[in-house]
There are 2 protein chains.
Amino acid sequence: MSVNQFIQDHKERFLNELLDLLRIPSVSADPKFKDEVFKAANFVKESLINAGADTAEICETAGYPIVYGEKIIDPALPTVLVYGHYDVQPADPYELWDSPPFEPVIKKTKIHPEGAIFARGSADDKGQFYMHVKAFEAMMAAGELPCNVKFMIEGEEEVGSDNLDKFVIENKEKLKSDVILISDTHMISMQDPSITVGLRGMAYMEVEVTGSNRDLHSGTYGGAVANPINVLCDMIASMKDENEHITIPGFYDKVQELTAEQRSRLNEAPFDLEEYKSKLDINEVHGEKGYTTIERVGIRPTLDVNGIWGGYIGEGAKTVLPSKAYAKISMRLVPDQDWKEIAKLFEDHFKSIAPASVKVKVKSHHGGAPAVVSDTSVGYQAAEAAMEETFGKRPVPTREGGSIPIVALFQKELGSDPILFGFGLDTDALHSPNEHYGVQNYFIGIETIAAFFRHFRKLSEA
Amino acid sequence: MSVNQFIQDHKERFLNELLDLLRIPSVSADPKFKDEVFKAANFVKESLINAGADTAEICETAGYPIVYGEKIIDPALPTVLVYGHYDVQPADPYELWDSPPFEPVIKKTKIHPEGAIFARGSADDKGQFYMHVKAFEAMMAAGELPCNVKFMIEGEEEVGSDNLDKFVIENKEKLKSDVILISDTHMISMQDPSITVGLRGMAYMEVEVTGSNRDLHSGTYGGAVANPINVLCDMIASMKDENEHITIPGFYDKVQELTAEQRSRLNEAPFDLEEYKSKLDINEVHGEKGYTTIERVGIRPTLDVNGIWGGYIGEGAKTVLPSKAYAKISMRLVPDQDWKEIAKLFEDHFKSIAPASVKVKVKSHHGGAPAVVSDTSVGYQAAEAAMEETFGKRPVPTREGGSIPIVALFQKELGSDPILFGFGLDTDALHSPNEHYGVQNYFIGIETIAAFFRHFRKLSEA
C-alpha cells in the first residue's frame with residue numbers, strides 16, 4: 001500500500017493521537033505544570049517507538065528533557081533530522097478561550113471550513129512536529145522510507161531552549177544529518193504555500209522600578225514622591241522616538257540593511273493590507289516609519305512590552321501611590337544583531353535613563369539569535385518540489401517575524417541550513433486564546449513531509 | 001467622676017471595642033465584602049446607643065448605609081456634628097502585611113514606643129471616628145456633655161461618597177449644627193500638633209486601550225501592529241512635561257496661585273526633607289518643578305497612575321502582543337478645580353491623543369472637590385485650645401494632600417466649615433500594607449475631643 005493510501009486509511013487515528021497529546025498541559029514557563037511537561041516527553045518517546053524508530057530515548061538536561069529517536073535504514077543514504085518542541089505557551093488568559101485550552105475540540109471556521117483543532121499547542125508546535133512522526137510511520141508502514149531519519153523534540157522552546165546548545169554541542173555526531181526539518185512556522189495561505197527563509201531573534205527582559213519602600217497614600221504623598229508606574233511609562237515611552245525608531249544607543253549598529261532590490265522582492269509576497277487590518281479589527285497598522293508591514297515583521301527589530309503591572313488592579317478604585325512597577329519587555333532581532341549584546345545595551349540604557357528618585361532592576365529572561373537560511377540548497381529545492389506536488393503551486397520564500405533560536409544554533413554547530421517547513425497560518429492564534437490548527441493543514445503537512453523525503457533522496461543522488 | 005478619669009478607668013475596654021470593629025473587613029470597593037460592610041454599619045449603630053445616644057439609625061442609601069445618631073440635651077445649646085466613615089480601603093497586596101489586615105495586633109514601633117494598632121482602617125478611619133464615640137460616652141458617663149451632639153458615619157468614603165450628597169441635601173434640618181468635626185486627617189507629629197485647613201479634591205479615572213481584536217504572537221505581528229501597552233505608556237508619559245507639569249489643556253485654569261507670603265507661611269511648618277527621604281528610603285523626591293515638597297502635596301494638583309495592567313504578568317516569559325492594556329489614573333485637585341470638569345478634560349484629552357491604531361475607553365470612577373477651611377472660626381479656636389490643653393503646645397494650621405469630598409459638600413449645603421481634627425501621623429501607612437494607629441494617639445484624641453466640647457461651649461457663649 002502507498003504512503004498516501006496509508007495516511008488516508010488512518011486519518012482518524014492520526015487525529016486522535018494528536019488530540020491526546022494536546023490534552024497534556026505541558027506549559028514550560030510555569031513550574032506548576034512540571035509533571036505534565038515530563039508526561040508530554042514520554043508521550044513523544046512512545047509515539048516514536050510505535051511509529052517504527054529503532055531507538056527512542058528521554059535525554060535529561062538541566063531543565064526539561066530532549067526526546068531523541070532515530071531510524072537508520074542505510075548509513076550510505078541521506079539523513080533527515082527533525083526538530084520540534086513538545087512544550088507549549090501558557091494559556092492565560094483562560095477566560096478568553098471559547099473552550100478549555102487543554103480540552104481540544106474540532107470546529108469549523110471561515111478559514112478552515114473542514115474544521116480546525118482548537119487547543120493550546122495545536123499549531124505551536126505539537127500539531128506540527130507530530131506530522132513528522134505520522135509521516136515517518138506512514139513511510140515505514142508502506143515500506144517506503146527513502147532516507148534515514150532522526151528526531152530531536154525538545155521541551156524548552158517556549159522558554160528560550162536554555163539547555164539545547166549544550167546538548168547539540170555534545171551530540172554533534174549523533175545529530176549528524178544532511179538536512180534539518182523544522183515545522184514551527186506558517187505559510188501565507190493554503191492557496192499560497194510558502195517557505196520561511198528568515199527568522200527574527202529575541203532578547204526578553206524583565207524590569208522592576210521601585211519608588212518608596214512601601215505603598216503610599218496618593219493624597220498624602222502624590223506629587224512629591226516618584227510614582228514608579230508613571231516613571232516606568234516615561235522610560236518605556238522614551239525608548240522609541242516619534243518614528244518608532246528604538247532609541248537604545250547602538251541598537252541598530254549590526255542590523256543588516258537590505259538592498260532596494262531585496263526589499264522589493266520581499267514585498268512581492270501576496271499581502272492584502274485591508275484584509276490584514278480587518279482580520280485584526282484595527283483601523284491602522286502601527287510601526288517603524290519608512291517600512292512596509294511585511295518589512296516591519298520580516299527585516300526590522302522591535303521593542304514590545306509583553307506584560308506590565310503595578311499598583312491596584314482589582315475592582316473599583318484604590319488611591320495608592322505604589323512602591324513598585326514591573327514590565328516584561330522583549331525585542332525581536334534581525335541579522336546580525338547579537339541577543340546577548342542587545343540585552344546588555346538594553347540593561348545599560350534602562351539604568352542610565354532612570355531618574356534619581358527611583359531604583360531599577362533589570363533581568364534578562366532568555367534570548368535567541370536571528371537567522372536567514374538558504375533558498376537554493378538541495379533541502380530547499382526538495383521542500384519546494386514537495387509543496388508543489390501537494391499544493392499544486394510553487395511556494396514562495398518569506399521572512400517571518402517569529403524566533404526559533406535553534407536555527408542559528410544548527411547553522412553554527414551542525415553546519416547545515418534547516419528547512420522551515422511550516423504548514424500553519426498566521427491566523428492560527430499562536431500564543432493567544434483559541435489557538436487552532438487546520439485539520440486539512442495537518443494532513444496535507446503529513447503528505448508533504450513524506451513527499452519531501454522522496455524528493456530529497458532523489459535530488460541528493462542527482 | 002471626671003471625663004478624663006472615666007477615660008483612664010476604661011482604657012482597656014475602649015481599646016478592645018475598637019479592635020472588634022477593626023476585625024470587620026468592611027471594604028467598600030470590593031463587592032465580595034458587601035455583608036461585612038453592613039455588619040460594620042450595625043456595629044456603629046450599637047456603639048452609639050451604648051454610648052448614650054437618644055436615637056441611632058441605619059439610613060439606607062442607593063449604596064451602603066449612613067449611620068445617624070444624636071443626643072440633644074438642650075436645643076438652646078450649641079450642636080456638634082461628627083462625621084466619619086466605617087468603610088476601609090482594600091487591603092491588597094495582602095502578602096506585604098506583617099500580620100493579617102483584619103486581625104488587629106498591637107506592636108511597639110520607633111515612632112510609637114507605647115504601641116500601635118496594626119490593621120486596615122486603624123487610622124483611616126475607624127480608629128479616628130471611634131474616638132468621638134468614646135469621648136461622647138465618657139462625657140455622658142461623667143454627666144459633663146456640654147453640647148448637643150450628632151453623628152453621621154458613612155460607608156462609602158473610600159469609593160467617593162456617591163450617595164452622601166443626596167442624604168445631606170435631603171436632611172439639612174436633621175444635620176443642622178454649629179460646628180462639624182471630622183477626624184480623618186493627620187498631625188505633623190505628637191510633638192507638633194497641627195490642624196488641617198486645606199484638602200485636595202480628586203478625579204479618579206480608568207482607561208482601556210485596545211489594539212488588535214485578540215492577543216497576538218509578538219514575533220509574527222510585533223513591529224507592525226500597535227502594542228496597547230506601549231501606546232498606553234506613550235499616552236501616560238505625554239500627560240506630563242519635563243517639569244512634571246500636567247499637559248492636559250485647561251487643567252490648571254482654575255488652580256488658585258498662592259501669594260509669596262501665603263507660600264512662605266505654608267513652608268514654615270516643621271519639615272525635615274532628609275528625614276522624609278530616609279523614612280521612604282528614596283534618594284530624591286520627585287515632583288513639579290518650582291515647588292517645595294510641602295507645596296507639591298498641599299497646593300498643587302497631581303496626576304498619578306494608581307494601577308496598570310496588561311499582557312502576560314505570570315511567571316516566566318510569554319511573547320505575546322496583547323490586545324488590551326488598562327490603567328487606573330487619579331488626579332488630586334486644588335481650589336478651585338472642579339472634579340467633574342477635570343474628569344471631562346482628561347477624557348477628551350486622552351481620546352484626542354490616542355493614535356489611529358488603537359481604540360480607547362475612558363470611565364470616571366468618582367471624584368471630590370478640593371477645600372480650604374477657616375483657621376479663625378469659633379470651631380477652629382476651640383480645637384486650637386483643646387489641643388493646646390492636651391498636647392501642651394499650640395497647633396499649627398497645615399494643608400494635607402488627601403481628599404475628603406464631604407468637606408466641600410458641608411461648606412456648600414450646611415454652610416459651616418468643618419474642623420479637620422485628625423490625630424494620626426503621616427507614617428501610619430494609610431491605604432498601605434501595615435496601616436497602624438498609635439494607641440497613645442487614640443487616647444489623647446479622645447481626651448482632646450472632650451476638651452473641644454468644653455471650649456466650644458465656652459467660646460460659643462462668649
# chains A, B, ... in the order shown; residues from 1 in each chain; ligands from 1
$ residues_around --residues "A:Leu459" --least-positions-apart "2" --cutoff "12 Å" --atoms "only C-alpha atoms" --output "list in words"
Pro78, Pro146, Cys147, Asp178, Ser377, Val378, Gly379, Tyr380, Gln381, Ala382, Ala383, Glu384, Ala385, Ala386, Phe452, Phe453, Arg454, His455, Phe456, Arg457, Glu461 and Ala462 of chain A
$ write_last_selection --atoms "C-alpha atoms" --output "CSV table (one decimal), in the first residue's frame"
chain,number,residue,atom,x,y,z
A,78,PRO,CA,21.0,10.8,3.2
A,146,PRO,CA,13.7,6.8,1.4
A,147,CYS,CA,16.2,8.3,3.9
A,178,ASP,CA,22.2,16.1,5.6
A,377,SER,CA,20.0,24.4,-1.0
A,378,VAL,CA,19.1,20.9,-2.0
A,379,GLY,CA,16.9,20.7,1.0
A,380,TYR,CA,15.1,23.9,0.0
A,381,GLN,CA,14.6,22.5,-3.5
A,382,ALA,CA,13.2,19.3,-2.2
A,383,ALA,CA,10.8,21.2,0.0
A,384,GLU,CA,9.8,23.4,-2.9
A,385,ALA,CA,9.1,20.3,-5.1
A,386,ALA,CA,7.2,18.5,-2.3
A,452,PHE,CA,9.9,15.8,0.8
A,453,PHE,CA,11.7,12.5,1.8
A,454,ARG,CA,11.3,11.2,-1.8
A,455,HIS,CA,12.4,14.4,-3.4
A,456,PHE,CA,15.3,14.9,-1.1
A,457,ARG,CA,16.6,11.3,-1.7
A,461,GLU,CA,21.6,11.4,-5.6
A,462,ALA,CA,21.4,13.6,-8.7
$ select_by_dssp --residues "stretch 90-280 of chain A" --states "strand (DSSP E or B)" --output "NGL selection string"
:A and (105-107 or 116-118 or 148-154 or 179-182 or 186-187 or 194-199 or 201-210 or 216-217 or 222 or 225 or 240 or 246)
$ residues_around --residues "A:Ile180" --least-positions-apart "6" --cutoff "8 Å" --atoms "only C-alpha atoms" --output "list in words"
Val80, Leu81, Val82, Tyr83, Ser416, Asp417, Pro418 and Ile419 of chain A
$ select_by_dssp --residues "stretch 254-426 of chain A" --states "alpha helix (DSSP H)" --output "MDAnalysis selection string"
chainID A and resid 260:266 273:280 293:298 339:353 378:391 406:413
$ closest_atom_pairs --of "stretch 314-354 of chain A" --to "stretch 189-211 of chain A" --cutoff "6 Å" --atoms "only C-alpha atoms" --output "Markdown table"
| residue | atom | partner | partner_atom | distance |
| --- | --- | --- | --- | --- |
| A:Ser323 | CA | A:Gly211 | CA | 5.1 |
| A:Lys324 | CA | A:Thr210 | CA | 4.5 |
| A:Ala325 | CA | A:Val209 | CA | 5.3 |
| A:Tyr326 | CA | A:Glu208 | CA | 4.6 |
| A:Ala327 | CA | A:Val207 | CA | 5.4 |
| A:Lys328 | CA | A:Glu206 | CA | 4.4 |
| A:Ile329 | CA | A:Met205 | CA | 5.1 |
| A:Ser330 | CA | A:Tyr204 | CA | 4.2 |
| A:Met331 | CA | A:Ala203 | CA | 5.2 |
| A:Arg332 | CA | A:Met202 | CA | 4.4 |
| A:Leu333 | CA | A:Gly201 | CA | 4.4 |
| A:Val334 | CA | A:Arg200 | CA | 5.0 |
| A:Trp339 | CA | A:Ala203 | CA | 5.3 |
| A:Ala343 | CA | A:Ala203 | CA | 5.9 |
$ write_last_selection --atoms "N, CA and C atoms" --output "mmCIF file, in the first residue's frame"
data_model
loop_
_atom_site.group_PDB
_atom_site.id
_atom_site.type_symbol
_atom_site.label_atom_id
_atom_site.label_comp_id
_atom_site.auth_asym_id
_atom_site.auth_seq_id
_atom_site.Cartn_x
_atom_site.Cartn_y
_atom_site.Cartn_z
ATOM 1 N N SER A 323 4.639 51.242 45.489
ATOM 2 C CA SER A 323 6.078 51.189 45.729
ATOM 3 C C SER A 323 6.816 50.664 44.502
ATOM 4 N N LYS A 324 6.156 49.752 43.745
ATOM 5 C CA LYS A 324 6.850 49.106 42.628
ATOM 6 C C LYS A 324 5.995 48.994 41.373
ATOM 7 N N ALA A 325 6.671 48.950 40.238
ATOM 8 C CA ALA A 325 6.010 48.679 38.952
ATOM 9 C C ALA A 325 6.934 47.764 38.149
ATOM 10 N N TYR A 326 6.320 46.892 37.351
ATOM 11 C CA TYR A 326 7.090 45.889 36.608
ATOM 12 C C TYR A 326 6.680 45.836 35.143
ATOM 13 N N ALA A 327 7.610 45.382 34.291
ATOM 14 C CA ALA A 327 7.252 45.130 32.896
ATOM 15 C C ALA A 327 8.131 44.015 32.334
ATOM 16 N N LYS A 328 7.522 43.233 31.441
ATOM 17 C CA LYS A 328 8.258 42.247 30.651
ATOM 18 C C LYS A 328 8.379 42.851 29.258
ATOM 19 N N ILE A 329 9.591 43.004 28.787
ATOM 20 C CA ILE A 329 9.831 43.688 27.519
ATOM 21 C C ILE A 329 10.696 42.804 26.630
ATOM 22 N N SER A 330 10.207 42.518 25.410
ATOM 23 C CA SER A 330 11.034 41.703 24.512
ATOM 24 C C SER A 330 11.363 42.480 23.249
ATOM 25 N N MET A 331 12.537 42.196 22.725
ATOM 26 C CA MET A 331 12.980 42.813 21.480
ATOM 27 C C MET A 331 13.202 41.715 20.449
ATOM 28 N N ARG A 332 12.533 41.836 19.305
ATOM 29 C CA ARG A 332 12.764 40.898 18.204
ATOM 30 C C ARG A 332 13.957 41.426 17.422
ATOM 31 N N LEU A 333 14.871 40.549 17.096
ATOM 32 C CA LEU A 333 16.129 40.967 16.476
ATOM 33 C C LEU A 333 16.278 40.423 15.063
ATOM 34 N N VAL A 334 17.072 41.127 14.268
ATOM 35 C CA VAL A 334 17.326 40.681 12.888
ATOM 36 C C VAL A 334 18.828 40.532 12.695
ATOM 37 N N TRP A 339 21.902 38.730 20.495
ATOM 38 C CA TRP A 339 20.903 38.946 21.565
ATOM 39 C C TRP A 339 21.540 39.254 22.906
ATOM 40 N N ALA A 343 20.772 42.599 24.902
ATOM 41 C CA ALA A 343 20.274 42.541 26.283
ATOM 42 C C ALA A 343 21.110 43.463 27.174
#
$ residues_around --residues "A:Asn434" --least-positions-apart "3" --cutoff "8 Å" --atoms "only C-alpha atoms" --output "CSV table (one decimal) with N, CA and C atoms, in the first residue's frame"
chain,number,residue,atom,x,y,z
A,96,LEU,N,-10.6,34.0,28.1
A,96,LEU,CA,-10.8,34.4,26.7
A,96,LEU,C,-10.9,33.2,25.8
A,97,TRP,N,-10.7,32.0,26.3
A,97,TRP,CA,-10.9,30.8,25.4
A,97,TRP,C,-12.3,30.5,25.3
A,98,ASP,N,-12.8,30.1,24.1
A,98,ASP,CA,-14.2,29.7,23.9
A,98,ASP,C,-14.3,28.3,24.4
A,99,SER,N,-13.3,27.5,24.4
A,99,SER,CA,-13.3,26.1,25.0
A,99,SER,C,-12.0,26.0,25.8
A,101,PRO,N,-8.4,25.3,27.0
A,101,PRO,CA,-7.2,25.2,26.2
A,101,PRO,C,-6.6,23.8,26.1
A,118,PHE,N,-8.9,23.2,18.0
A,118,PHE,CA,-8.7,24.3,19.0
A,118,PHE,C,-8.1,23.8,20.3
A,119,ALA,N,-6.9,24.2,20.6
A,119,ALA,CA,-6.2,23.8,21.8
A,119,ALA,C,-4.8,24.5,21.8
A,120,ARG,N,-4.4,24.8,23.1
A,120,ARG,CA,-3.0,25.4,23.2
A,120,ARG,C,-2.0,24.3,22.7
A,429,ALA,N,-3.8,31.9,15.7
A,429,ALA,CA,-3.8,32.5,17.1
A,429,ALA,C,-2.7,31.8,18.0
